Structure formats: C-alpha cells, structure tokens
>>> print(open('structure.cif').read())   # mmCIF, C-alpha atoms
data_run
loop_
_atom_site.label_atom_id
_atom_site.label_comp_id
_atom_site.auth_asym_id
_atom_site.auth_seq_id
_atom_site.Cartn_x
_atom_site.Cartn_y
_atom_site.Cartn_z
CA MET A 1 -49.91 -13.98 13.31
CA ASP A 2 -53.01 -14.45 11.20
CA GLY A 3 -52.20 -16.97 8.48
CA THR A 4 -55.84 -17.28 7.48
CA ALA A 5 -56.13 -13.60 6.55
CA LEU A 6 -52.81 -13.58 4.68
CA ALA A 7 -53.77 -16.75 2.81
CA ARG A 8 -57.08 -15.15 1.83
CA ARG A 9 -55.27 -12.15 0.34
CA THR A 10 -52.80 -14.43 -1.42
CA LEU A 11 -55.56 -16.54 -2.94
CA GLU A 12 -57.38 -13.43 -4.14
CA ALA A 13 -54.26 -12.50 -6.10
CA VAL A 14 -53.92 -16.10 -7.33
CA SER A 15 -57.52 -16.06 -8.58
CA ALA A 16 -56.92 -12.81 -10.45
CA SER A 17 -53.77 -14.22 -12.08
CA ALA A 18 -55.51 -17.47 -13.05
CA ALA A 19 -58.36 -15.53 -14.62
CA ASP A 20 -55.88 -13.40 -16.58
CA ILE A 21 -54.10 -16.52 -17.85
CA GLN A 22 -57.43 -18.00 -18.93
CA ARG A 23 -58.41 -14.77 -20.69
CA ARG A 24 -55.11 -14.39 -22.53
CA THR A 25 -54.54 -18.02 -23.55
CA GLY A 26 -57.84 -19.84 -23.24
CA THR A 27 -56.09 -22.24 -20.87
CA ALA A 28 -56.58 -22.49 -17.13
CA PRO A 29 -53.65 -23.34 -14.85
CA CYS A 30 -53.82 -27.04 -14.00
CA LEU A 31 -52.69 -28.83 -10.83
CA ALA A 32 -52.57 -32.62 -10.89
CA THR A 33 -52.90 -34.43 -7.56
CA VAL A 34 -51.70 -38.00 -7.11
CA LEU A 35 -52.98 -40.09 -4.21
CA VAL A 36 -51.88 -43.61 -3.32
CA GLY A 37 -54.45 -45.59 -1.34
CA GLU A 38 -57.31 -44.24 0.71
CA ASP A 39 -55.78 -42.91 3.91
CA PRO A 40 -58.64 -40.81 5.38
CA ALA A 41 -56.47 -37.84 6.28
CA SER A 42 -54.83 -37.79 2.85
CA VAL A 43 -58.16 -38.15 1.07
CA THR A 44 -59.55 -35.20 3.04
CA TYR A 45 -56.44 -33.10 2.42
CA VAL A 46 -56.50 -33.73 -1.34
CA ARG A 47 -60.22 -33.01 -1.49
CA MET A 48 -59.63 -29.70 0.29
CA LYS A 49 -56.85 -28.73 -2.11
CA ARG A 50 -59.02 -29.54 -5.12
CA ALA A 51 -61.82 -27.42 -3.70
CA ARG A 52 -59.41 -24.51 -3.22
CA CYS A 53 -58.25 -24.97 -6.83
CA ALA A 54 -61.81 -24.73 -8.10
CA LYS A 55 -62.43 -21.59 -6.08
CA ALA A 56 -59.26 -19.99 -7.45
CA GLY A 57 -59.97 -20.82 -11.08
CA ILE A 58 -57.33 -23.54 -11.26
CA GLU A 59 -58.18 -26.78 -13.04
CA SER A 60 -57.68 -29.85 -10.87
CA ARG A 61 -56.82 -33.25 -12.27
CA HIS A 62 -56.82 -36.17 -9.86
CA VAL A 63 -55.02 -39.51 -10.20
CA ALA A 64 -56.08 -42.11 -7.62
CA LEU A 65 -53.90 -45.21 -7.40
CA PRO A 66 -54.49 -48.36 -5.34
CA ALA A 67 -52.57 -48.78 -2.10
CA GLU A 68 -50.74 -51.77 -3.54
CA VAL A 69 -49.32 -49.88 -6.53
CA SER A 70 -45.59 -50.48 -6.98
CA THR A 71 -42.93 -47.80 -7.05
CA ALA A 72 -42.54 -48.43 -10.78
CA GLY A 73 -46.27 -48.00 -11.34
CA LEU A 74 -46.33 -44.77 -9.34
CA VAL A 75 -43.30 -43.40 -11.17
CA GLU A 76 -44.94 -44.23 -14.49
CA ALA A 77 -48.09 -42.31 -13.55
CA ILE A 78 -46.09 -39.28 -12.41
CA THR A 79 -43.89 -39.38 -15.52
CA GLU A 80 -47.01 -39.24 -17.71
CA LEU A 81 -48.15 -36.12 -15.87
CA SER A 82 -44.66 -34.62 -16.15
CA GLU A 83 -44.78 -35.08 -19.91
CA ASP A 84 -48.36 -33.81 -20.31
CA PRO A 85 -48.29 -30.19 -21.57
CA GLY A 86 -51.76 -29.59 -20.15
CA VAL A 87 -50.53 -30.13 -16.58
CA HIS A 88 -48.64 -27.23 -15.00
CA GLY A 89 -48.08 -28.48 -11.46
CA ILE A 90 -47.95 -31.88 -9.75
CA LEU A 91 -48.71 -32.64 -6.12
CA LEU A 92 -47.86 -36.13 -4.85
CA GLN A 93 -49.65 -36.65 -1.56
CA HIS A 94 -47.69 -38.49 1.12
CA PRO A 95 -47.30 -40.79 2.99
CA MET A 96 -47.56 -43.44 0.29
CA GLY A 97 -46.99 -46.70 2.13
CA PRO A 98 -43.81 -48.43 3.35
CA HIS A 99 -43.32 -50.39 0.12
CA ILE A 100 -42.96 -47.23 -1.97
CA ASP A 101 -39.60 -45.57 -2.61
CA GLU A 102 -40.83 -42.04 -1.92
CA ARG A 103 -37.67 -40.35 -3.14
CA ALA A 104 -37.87 -42.14 -6.49
CA ALA A 105 -41.51 -41.09 -6.78
CA PHE A 106 -40.77 -37.45 -5.98
CA GLU A 107 -37.89 -37.35 -8.44
CA ALA A 108 -40.25 -38.41 -11.25
CA ILE A 109 -41.83 -34.95 -10.99
CA ALA A 110 -40.41 -32.62 -13.63
CA PRO A 111 -38.63 -29.71 -11.89
CA GLU A 112 -40.72 -27.14 -13.74
CA LYS A 113 -43.87 -28.78 -12.34
CA ASP A 114 -42.62 -29.32 -8.79
CA VAL A 115 -44.98 -26.74 -7.28
CA ASP A 116 -44.82 -28.49 -3.89
CA GLY A 117 -41.03 -28.07 -3.74
CA VAL A 118 -40.19 -31.72 -2.97
CA THR A 119 -37.53 -32.66 -5.53
CA MET A 120 -33.77 -32.53 -5.11
CA HIS A 121 -33.71 -29.86 -7.83
CA SER A 122 -35.99 -27.61 -5.78
CA PHE A 123 -34.02 -28.33 -2.60
CA ALA A 124 -30.77 -27.30 -4.31
CA ALA A 125 -32.39 -24.14 -5.71
CA MET A 126 -33.50 -23.16 -2.20
CA GLY A 127 -30.02 -23.87 -0.85
CA PHE A 128 -28.25 -21.82 -3.53
CA GLY A 129 -30.83 -19.04 -3.60
CA LEU A 130 -31.63 -19.70 -7.24
CA PRO A 131 -35.00 -19.38 -9.01
CA GLY A 132 -37.28 -22.34 -8.45
CA PHE A 133 -40.12 -23.60 -6.34
CA VAL A 134 -39.84 -23.50 -2.56
CA SER A 135 -41.26 -26.16 -0.28
CA CYS A 136 -44.74 -24.85 0.42
CA THR A 137 -44.75 -24.76 4.22
CA PRO A 138 -41.35 -23.02 4.53
CA GLY A 139 -42.43 -20.69 1.74
CA GLY A 140 -45.58 -19.87 3.66
CA ILE A 141 -43.53 -19.22 6.79
CA MET A 142 -41.33 -16.73 4.96
CA ARG A 143 -44.39 -14.91 3.62
CA LEU A 144 -45.81 -14.66 7.14
CA LEU A 145 -42.53 -13.22 8.42
CA ASP A 146 -42.53 -10.69 5.59
CA ALA A 147 -46.16 -9.74 6.13
CA TYR A 148 -45.41 -8.94 9.77
CA GLU A 149 -42.21 -7.11 8.80
CA VAL A 150 -39.90 -9.35 10.79
CA ASP A 151 -36.33 -8.26 10.12
CA LEU A 152 -34.29 -11.46 9.92
CA ALA A 153 -30.84 -10.01 9.27
CA GLY A 154 -28.50 -10.91 12.09
CA LYS A 155 -31.21 -12.61 14.13
CA HIS A 156 -30.71 -16.02 15.71
CA ALA A 157 -33.22 -18.41 14.16
CA VAL A 158 -33.65 -21.83 15.76
CA VAL A 159 -35.34 -24.51 13.65
CA VAL A 160 -36.58 -27.51 15.62
CA GLY A 161 -37.09 -30.20 13.00
CA ARG A 162 -35.08 -31.61 10.13
CA SER A 163 -37.48 -33.01 7.53
CA ALA A 164 -36.50 -32.58 3.88
CA ILE A 165 -39.62 -30.54 3.05
CA LEU A 166 -39.96 -28.43 6.20
CA GLY A 167 -37.14 -28.09 8.72
CA LYS A 168 -34.16 -28.24 6.38
CA PRO A 169 -35.48 -25.90 3.68
CA ALA A 170 -36.88 -23.49 6.29
CA GLY A 171 -33.38 -23.11 7.70
CA MET A 172 -31.89 -22.53 4.25
CA LEU A 173 -34.45 -19.86 3.41
CA LEU A 174 -33.77 -18.11 6.72
CA LEU A 175 -30.02 -18.30 6.11
CA GLY A 176 -30.59 -16.75 2.70
CA ARG A 177 -32.16 -13.77 4.47
CA ASP A 178 -29.08 -13.26 6.66
CA ALA A 179 -30.37 -14.96 9.80
CA THR A 180 -27.95 -17.05 11.86
CA VAL A 181 -29.51 -20.51 11.87
CA THR A 182 -29.28 -23.34 14.39
CA TYR A 183 -30.84 -26.67 13.46
CA CYS A 184 -32.21 -28.78 16.29
CA HIS A 185 -34.38 -31.87 16.56
CA SER A 186 -36.01 -34.17 19.10
CA ARG A 187 -32.66 -35.70 20.07
CA THR A 188 -30.77 -32.45 20.48
CA VAL A 189 -29.00 -32.33 23.87
CA GLY A 190 -29.84 -29.18 25.80
CA LEU A 191 -32.69 -28.21 23.50
CA PRO A 192 -34.51 -25.92 25.98
CA GLY A 193 -31.37 -23.80 26.35
CA LEU A 194 -31.05 -23.39 22.59
CA VAL A 195 -34.73 -22.50 22.28
CA ARG A 196 -34.24 -19.77 24.90
CA GLU A 197 -31.65 -18.12 22.62
CA ALA A 198 -33.97 -17.93 19.60
CA ASP A 199 -35.04 -14.55 18.29
CA VAL A 200 -37.06 -16.52 15.74
CA LEU A 201 -38.25 -20.04 16.53
CA ILE A 202 -39.57 -22.47 13.91
CA ALA A 203 -41.20 -25.49 15.57
CA ALA A 204 -41.50 -28.37 13.10
CA VAL A 205 -40.76 -31.52 15.08
CA GLY A 206 -44.18 -33.16 14.94
CA ARG A 207 -44.75 -33.63 18.68
CA PRO A 208 -47.66 -32.03 20.51
CA ARG A 209 -46.69 -29.18 22.88
CA PHE A 210 -43.06 -30.28 22.61
CA ILE A 211 -41.78 -26.76 23.28
CA ALA A 212 -42.74 -25.17 26.59
CA GLY A 213 -43.75 -21.56 26.83
CA ALA A 214 -41.28 -21.01 29.66
CA ASP A 215 -38.44 -21.65 27.19
CA ILE A 216 -39.50 -18.91 24.77
CA LYS A 217 -37.26 -15.85 24.76
CA PRO A 218 -39.30 -12.76 25.69
CA GLY A 219 -40.30 -10.96 22.50
CA ALA A 220 -39.35 -13.84 20.21
CA VAL A 221 -41.18 -14.62 16.99
CA VAL A 222 -42.64 -18.13 17.25
CA ILE A 223 -43.76 -20.01 14.15
CA ASP A 224 -45.52 -23.26 15.01
CA ALA A 225 -45.48 -25.46 11.92
CA GLY A 226 -46.62 -28.55 13.80
CA TYR A 227 -50.04 -30.09 13.48
CA ASN A 228 -51.03 -32.91 15.79
CA PRO A 229 -54.32 -34.66 16.58
CA GLY A 230 -56.78 -32.40 18.35
CA ASN A 231 -55.61 -29.23 16.54
CA VAL A 232 -52.51 -29.05 18.72
CA GLY A 233 -49.21 -27.58 17.58
CA ASP A 234 -45.63 -28.32 18.60
CA VAL A 235 -45.58 -25.32 20.94
CA ASP A 236 -47.62 -24.96 24.13
CA PHE A 237 -49.53 -21.99 22.73
CA GLU A 238 -51.21 -20.64 25.86
CA SER A 239 -47.99 -20.35 27.85
CA ALA A 240 -45.88 -19.30 24.86
CA ARG A 241 -48.16 -16.42 23.88
CA GLU A 242 -47.41 -14.76 27.21
CA ARG A 243 -43.75 -14.41 26.27
CA ALA A 244 -43.64 -14.25 22.46
CA GLY A 245 -43.73 -11.00 20.55
CA LEU A 246 -45.47 -12.72 17.63
CA ILE A 247 -46.82 -16.26 17.46
CA THR A 248 -48.82 -18.37 15.01
CA PRO A 249 -51.87 -20.25 16.26
CA VAL A 250 -52.74 -23.84 15.38
CA PRO A 251 -54.92 -23.95 13.39
CA GLY A 252 -55.02 -20.67 11.48
CA GLY A 253 -51.32 -19.91 11.27
CA VAL A 254 -48.96 -21.79 8.96
CA GLY A 255 -51.48 -24.28 7.54
CA PRO A 256 -53.53 -21.91 5.37
CA MET A 257 -50.34 -20.43 3.94
CA THR A 258 -49.10 -23.85 2.81
CA ILE A 259 -52.02 -24.28 0.44
CA ALA A 260 -51.88 -20.63 -0.67
CA VAL A 261 -48.22 -21.03 -1.70
CA LEU A 262 -49.02 -24.29 -3.52
CA LEU A 263 -51.66 -22.60 -5.66
CA ASP A 264 -49.55 -19.48 -6.18
CA GLN A 265 -46.67 -21.60 -7.44
CA THR A 266 -49.05 -23.52 -9.72
CA VAL A 267 -50.10 -20.26 -11.35
CA GLY A 268 -46.43 -19.29 -11.61
CA ALA A 269 -45.64 -22.59 -13.33
CA ALA A 270 -48.49 -22.05 -15.79
CA THR A 271 -47.31 -18.50 -16.48
CA ARG A 272 -43.85 -19.75 -17.43
CA ARG A 273 -45.14 -22.76 -19.38
CA LEU A 274 -47.42 -20.57 -21.47
CA GLY A 275 -44.73 -17.97 -22.12
CA LEU A 276 -46.42 -15.17 -20.22
CA ASP A 277 -43.58 -14.24 -17.87
#
>>> encode(input="structure.cif", output="structure tokens")
Amino acid sequence: MDGTALARRTLEAVSASAADIQRRTGTAPCLATVLVGEDPASVTYVRMKRARCAKAGIESRHVALPAEVSTAGLVEAITELSEDPGVHGILLQHPMGPHIDERAAFEAIAPEKDVDGVTMHSFAAMGFGLPGFVSCTPGGIMRLLDAYEVDLAGKHAVVVGRSAILGKPAGMLLLGRDATVTYCHSRTVGLPGLVREADVLIAAVGRPRFIAGADIKPGAVVIDAGYNPGNVGDVDFESARERAGLITPVPGGVGPMTIAVLLDQTVGAATRRLGLD
C-alpha cells in the first residue's frame, strides 16, 4: 500500500485549496507549531512539517520554548495561539519532558484548531462519529483503506496498541465503519492467536518486528503504524508480505499520510474559520 503516492495526491488537493483560500480572502491557512526543548528527532520532525506547509501554500508559525518551561508557561503560549484569529491550526510536538503535564497542554488547544486530533473534544467526536478533527495517523490509515477499497463492514479488525492518539482512535474509527474491533497490546495474553484472526491488522505498539509474519492471516490487510530506529516497523515486513493481501511498508506507508492529513485538516480549519464552508 503506497502511502507516499496517496499523500502526494492529497497534498496536491491541499495546495489547490490553500491557493483558493488565499485568492478569495487574501489570507493563507496558518499552522502554528509548538516545540519544547531541542530533542533532535522532534526538531527534525517539526522542520519537515514546516517545509511541507511552505510547499502546500500554508503559512507556518513556530513557537520554540526552552526545555525547562513549566506546564503553566506552555499552556499560556498555547492559549495565546488558540485566541489568535490569524492561527487556524495548532500542532504541539511531543514528547515534552517528564515535568510537563501533557494532557493539560493538549487541552489548552482550542477544539476548532486541534488539527492534530489530540484533545478530549476530538477524541469524543471520533468516538461518537461527530464532525471534528481525527487523530492524524488513524485518519491517514482510514484514507489508505479507502484508497485501496478495503470493505470494513463485518470484518474483524485487530488493533495492537492503545495510545490515546493512535491505537484507541484507530479502533473507534474502524468500529464506526462497521468493523468488529479487538484491542490488544504488548501485555495481551495469547496475542499471536488473536493476530491470526485479523482480517485487518493495525500494528501500533512501538516495538520493532513485534508481530511475526507467520501470525498473519492469509490475505489479511496489514497496516504497520510503527516506526522504530533503523526504519523498522512493528511488523516483520519481509515474512508478513508473503501472507498479507495488502501491507504498508515502513517507511512509505502510514507516515506520509499522517502529515498529509495534518495539512488537510489545517486547510479545513481555515475554511471554517474564514466562513468559506
């Protein structure tokens, strides 16, 4: 499953929409990024997102805070962005350091600017199937499944992972499409047996090659949302591809779609903010 190609098509549409917004209003969609400290991986990731924004015609505003910033200081910075009418979307890069209350920081993001889908408001909207912003990686997964015309109704989907911005919302989105969902995690007893029952497998546990190819059901759709050092996913790709009907590579599968959804939702937020919807 080629996430790079689908992301390219998505970003072409995003660029066209951003240009139309600029033409009609004189205002470009704006994504604000907030980074605490100078973690090399986070710095690189934010730089990449800002570069993608520029290429898509989206204004990028960056707020860099020292590693020692307090939760109160971080919340204050995010609140200012939430109240700024010139900002349409906010991305708070994580991790932020053990002294930061991450949930408090995320909740300072105004729901209408939560283009990364990290607030409790967005989580509830995903759970209830209401309008709102989806968590970007699960949203990218659903777009991949749609692009490859995977019929989810009645299928057994197994989600291995339970994070608040990946595993849990992925399961809710699948359930909303009439899949029967089983949540698993690294401590699940009998995990290989459950994986063998999956018509659709979402691997999001954060452990390299955690899922063996021998445990993949023949013909299953395998979405590897893991990314580990050395460009290694959570699934043993080489052995799994021999059994899977469809499978995402790492890199080039889910990752590109995460950023594409982020920018698409930023343009959507700008559209609503500027009264163009």
>>> resolve_selection(input="structure.cif", expression="the PyMOL selection byres ((chain A and resi 48-60) around 7)", output="list in words")
Leu11, Val14, Ser15, Ala18, Ala19, Ala28, Pro29, Cys30, Leu31, Ala32, Thr44, Tyr45, Val46, Arg47, Arg61 and His62 of chain A
>>> closest_atom_pairs(input="structure.cif", of="range 198-266 of chain A", to="range 154-175 of chain A", cutoff="8 Å", atoms="only C-alpha atoms", output="CSV")
residue,atom,partner,partner_atom,distance
A:Ala198,CA,A:His156,CA,5.4
A:Asp199,CA,A:His156,CA,5.3
A:Val200,CA,A:Ala157,CA,4.6
A:Leu201,CA,A:Val158,CA,5.0
A:Ile202,CA,A:Val159,CA,4.7
A:Ala203,CA,A:Val160,CA,5.0
A:Ala204,CA,A:Gly161,CA,4.8
A:Val205,CA,A:Gly161,CA,4.4
A:Gly206,CA,A:Gly161,CA,7.9
>>> resolve_selection(input="structure.cif", expression="the PyMOL selection byres ((chain A and resi 244) around 10)", output="JSON, numbers by chain")
{"A": [199, 200, 201, 213, 216, 217, 218, 219, 220, 221, 222, 237, 239, 240, 241, 242, 243, 245, 246, 247, 248]}
>>> write_last_selection(input="structure.cif", atoms="C-alpha atoms", output="short mmCIF file (atom, residue, chain, number, x, y, z; two decimals), in the frame of the given file")
data_model
loop_
_atom_site.label_atom_id
_atom_site.label_comp_id
_atom_site.auth_asym_id
_atom_site.auth_seq_id
_atom_site.Cartn_x
_atom_site.Cartn_y
_atom_site.Cartn_z
CA ASP A 199 -35.04 -14.55 18.29
CA VAL A 200 -37.06 -16.52 15.74
CA LEU A 201 -38.25 -20.04 16.53
CA GLY A 213 -43.75 -21.56 26.83
CA ILE A 216 -39.50 -18.91 24.77
CA LYS A 217 -37.26 -15.85 24.76
CA PRO A 218 -39.30 -12.76 25.69
CA GLY A 219 -40.30 -10.96 22.50
CA ALA A 220 -39.35 -13.84 20.21
CA VAL A 221 -41.18 -14.62 16.99
CA VAL A 222 -42.64 -18.13 17.25
CA PHE A 237 -49.53 -21.99 22.73
CA SER A 239 -47.99 -20.35 27.85
CA ALA A 240 -45.88 -19.30 24.86
CA ARG A 241 -48.16 -16.42 23.88
CA GLU A 242 -47.41 -14.76 27.21
CA ARG A 243 -43.75 -14.41 26.27
CA GLY A 245 -43.73 -11.00 20.55
CA LEU A 246 -45.47 -12.72 17.63
CA ILE A 247 -46.82 -16.26 17.46
CA THR A 248 -48.82 -18.37 15.01
#
>>> closest_residue(input="structure.cif", among="A:Arg143, A:Thr266, A:Arg273, A:Ile100", to="Val254 in chain A", atoms="only C-alpha atoms")
A:Arg143
>>> closest_residue(input="structure.cif", among="A:Ala179, A:Leu263, A:Ala225, A:Ala153", to="Pro138 in chain A", atoms="only C-alpha atoms")
A:Ala225
>>> resolve_selection(input="structure.cif", expression="the PyMOL selection byres ((chain A and resi 255-259) around 7)", output="ChimeraX atom specification")
/A:3-4,7,136-137,140,251-254,260-263
>>> decode(input="structure.cif", residues="range 130-145 of chain A", atoms="N, CA, C and O atoms", output="PDB file, in the first residue's frame")
ATOM      1  N   LEU A 130     -19.034  12.146  15.299  1.00  0.00           N
ATOM      2  CA  LEU A 130     -19.491  13.512  15.060  1.00  0.00           C
ATOM      3  C   LEU A 130     -18.431  14.294  14.294  1.00  0.00           C
ATOM      4  O   LEU A 130     -17.264  13.903  14.248  1.00  0.00           O
ATOM      5  N   PRO A 131     -18.816  15.423  13.683  1.00  0.00           N
ATOM      6  CA  PRO A 131     -17.835  16.233  12.966  1.00  0.00           C
ATOM      7  C   PRO A 131     -16.725  16.702  13.898  1.00  0.00           C
ATOM      8  O   PRO A 131     -16.958  17.019  15.065  1.00  0.00           O
ATOM      9  N   GLY A 132     -15.537  16.752  13.390  1.00  0.00           N
ATOM     10  CA  GLY A 132     -14.385  17.178  14.180  1.00  0.00           C
ATOM     11  C   GLY A 132     -13.107  16.709  13.516  1.00  0.00           C
ATOM     12  O   GLY A 132     -13.128  16.155  12.417  1.00  0.00           O
ATOM     13  N   PHE A 133     -12.010  16.930  14.192  1.00  0.00           N
ATOM     14  CA  PHE A 133     -10.720  16.535  13.651  1.00  0.00           C
ATOM     15  C   PHE A 133     -10.325  15.158  14.176  1.00  0.00           C
ATOM     16  O   PHE A 133     -10.407  14.902  15.377  1.00  0.00           O
ATOM     17  N   VAL A 134      -9.882  14.309  13.264  1.00  0.00           N
ATOM     18  CA  VAL A 134      -9.416  12.980  13.668  1.00  0.00           C
ATOM     19  C   VAL A 134      -7.943  13.049  14.021  1.00  0.00           C
ATOM     20  O   VAL A 134      -7.210  13.933  13.560  1.00  0.00           O
ATOM     21  N   SER A 135      -7.491  12.123  14.856  1.00  0.00           N
ATOM     22  CA  SER A 135      -6.058  11.988  15.086  1.00  0.00           C
ATOM     23  C   SER A 135      -5.414  11.652  13.741  1.00  0.00           C
ATOM     24  O   SER A 135      -5.926  10.820  12.987  1.00  0.00           O
ATOM     25  N   CYS A 136      -4.287  12.306  13.447  1.00  0.00           N
ATOM     26  CA  CYS A 136      -3.785  12.285  12.069  1.00  0.00           C
ATOM     27  C   CYS A 136      -3.354  10.910  11.582  1.00  0.00           C
ATOM     28  O   CYS A 136      -3.633  10.548  10.427  1.00  0.00           O
ATOM     29  N   THR A 137      -2.679  10.133  12.421  1.00  0.00           N
ATOM     30  CA  THR A 137      -2.248   8.812  11.946  1.00  0.00           C
ATOM     31  C   THR A 137      -3.441   7.881  11.719  1.00  0.00           C
ATOM     32  O   THR A 137      -3.535   7.248  10.658  1.00  0.00           O
ATOM     33  N   PRO A 138      -4.382   7.749  12.654  1.00  0.00           N
ATOM     34  CA  PRO A 138      -5.579   6.956  12.357  1.00  0.00           C
ATOM     35  C   PRO A 138      -6.348   7.478  11.148  1.00  0.00           C
ATOM     36  O   PRO A 138      -6.872   6.691  10.349  1.00  0.00           O
ATOM     37  N   GLY A 139      -6.416   8.805  11.011  1.00  0.00           N
ATOM     38  CA  GLY A 139      -7.092   9.361   9.853  1.00  0.00           C
ATOM     39  C   GLY A 139      -6.404   8.974   8.557  1.00  0.00           C
ATOM     40  O   GLY A 139      -7.049   8.656   7.550  1.00  0.00           O
ATOM     41  N   GLY A 140      -5.069   8.971   8.583  1.00  0.00           N
ATOM     42  CA  GLY A 140      -4.318   8.540   7.413  1.00  0.00           C
ATOM     43  C   GLY A 140      -4.529   7.076   7.106  1.00  0.00           C
ATOM     44  O   GLY A 140      -4.613   6.671   5.932  1.00  0.00           O
ATOM     45  N   ILE A 141      -4.637   6.261   8.146  1.00  0.00           N
ATOM     46  CA  ILE A 141      -4.901   4.833   7.966  1.00  0.00           C
ATOM     47  C   ILE A 141      -6.243   4.620   7.272  1.00  0.00           C
ATOM     48  O   ILE A 141      -6.359   3.824   6.331  1.00  0.00           O
ATOM     49  N   MET A 142      -7.259   5.341   7.712  1.00  0.00           N
ATOM     50  CA  MET A 142      -8.581   5.179   7.113  1.00  0.00           C
ATOM     51  C   MET A 142      -8.564   5.608   5.648  1.00  0.00           C
ATOM     52  O   MET A 142      -9.204   4.973   4.795  1.00  0.00           O
ATOM     53  N   ARG A 143      -7.822   6.629   5.325  1.00  0.00           N
ATOM     54  CA  ARG A 143      -7.739   7.069   3.923  1.00  0.00           C
ATOM     55  C   ARG A 143      -7.016   6.036   3.067  1.00  0.00           C
ATOM     56  O   ARG A 143      -7.369   5.835   1.899  1.00  0.00           O
ATOM     57  N   LEU A 144      -6.009   5.398   3.628  1.00  0.00           N
ATOM     58  CA  LEU A 144      -5.332   4.321   2.896  1.00  0.00           C
ATOM     59  C   LEU A 144      -6.288   3.165   2.628  1.00  0.00           C
ATOM     60  O   LEU A 144      -6.341   2.626   1.511  1.00  0.00           O
ATOM     61  N   LEU A 145      -7.043   2.778   3.642  1.00  0.00           N
ATOM     62  CA  LEU A 145      -8.002   1.684   3.481  1.00  0.00           C
ATOM     63  C   LEU A 145      -9.042   2.032   2.414  1.00  0.00           C
ATOM     64  O   LEU A 145      -9.409   1.187   1.592  1.00  0.00           O
TER      65      LEU A 145
END
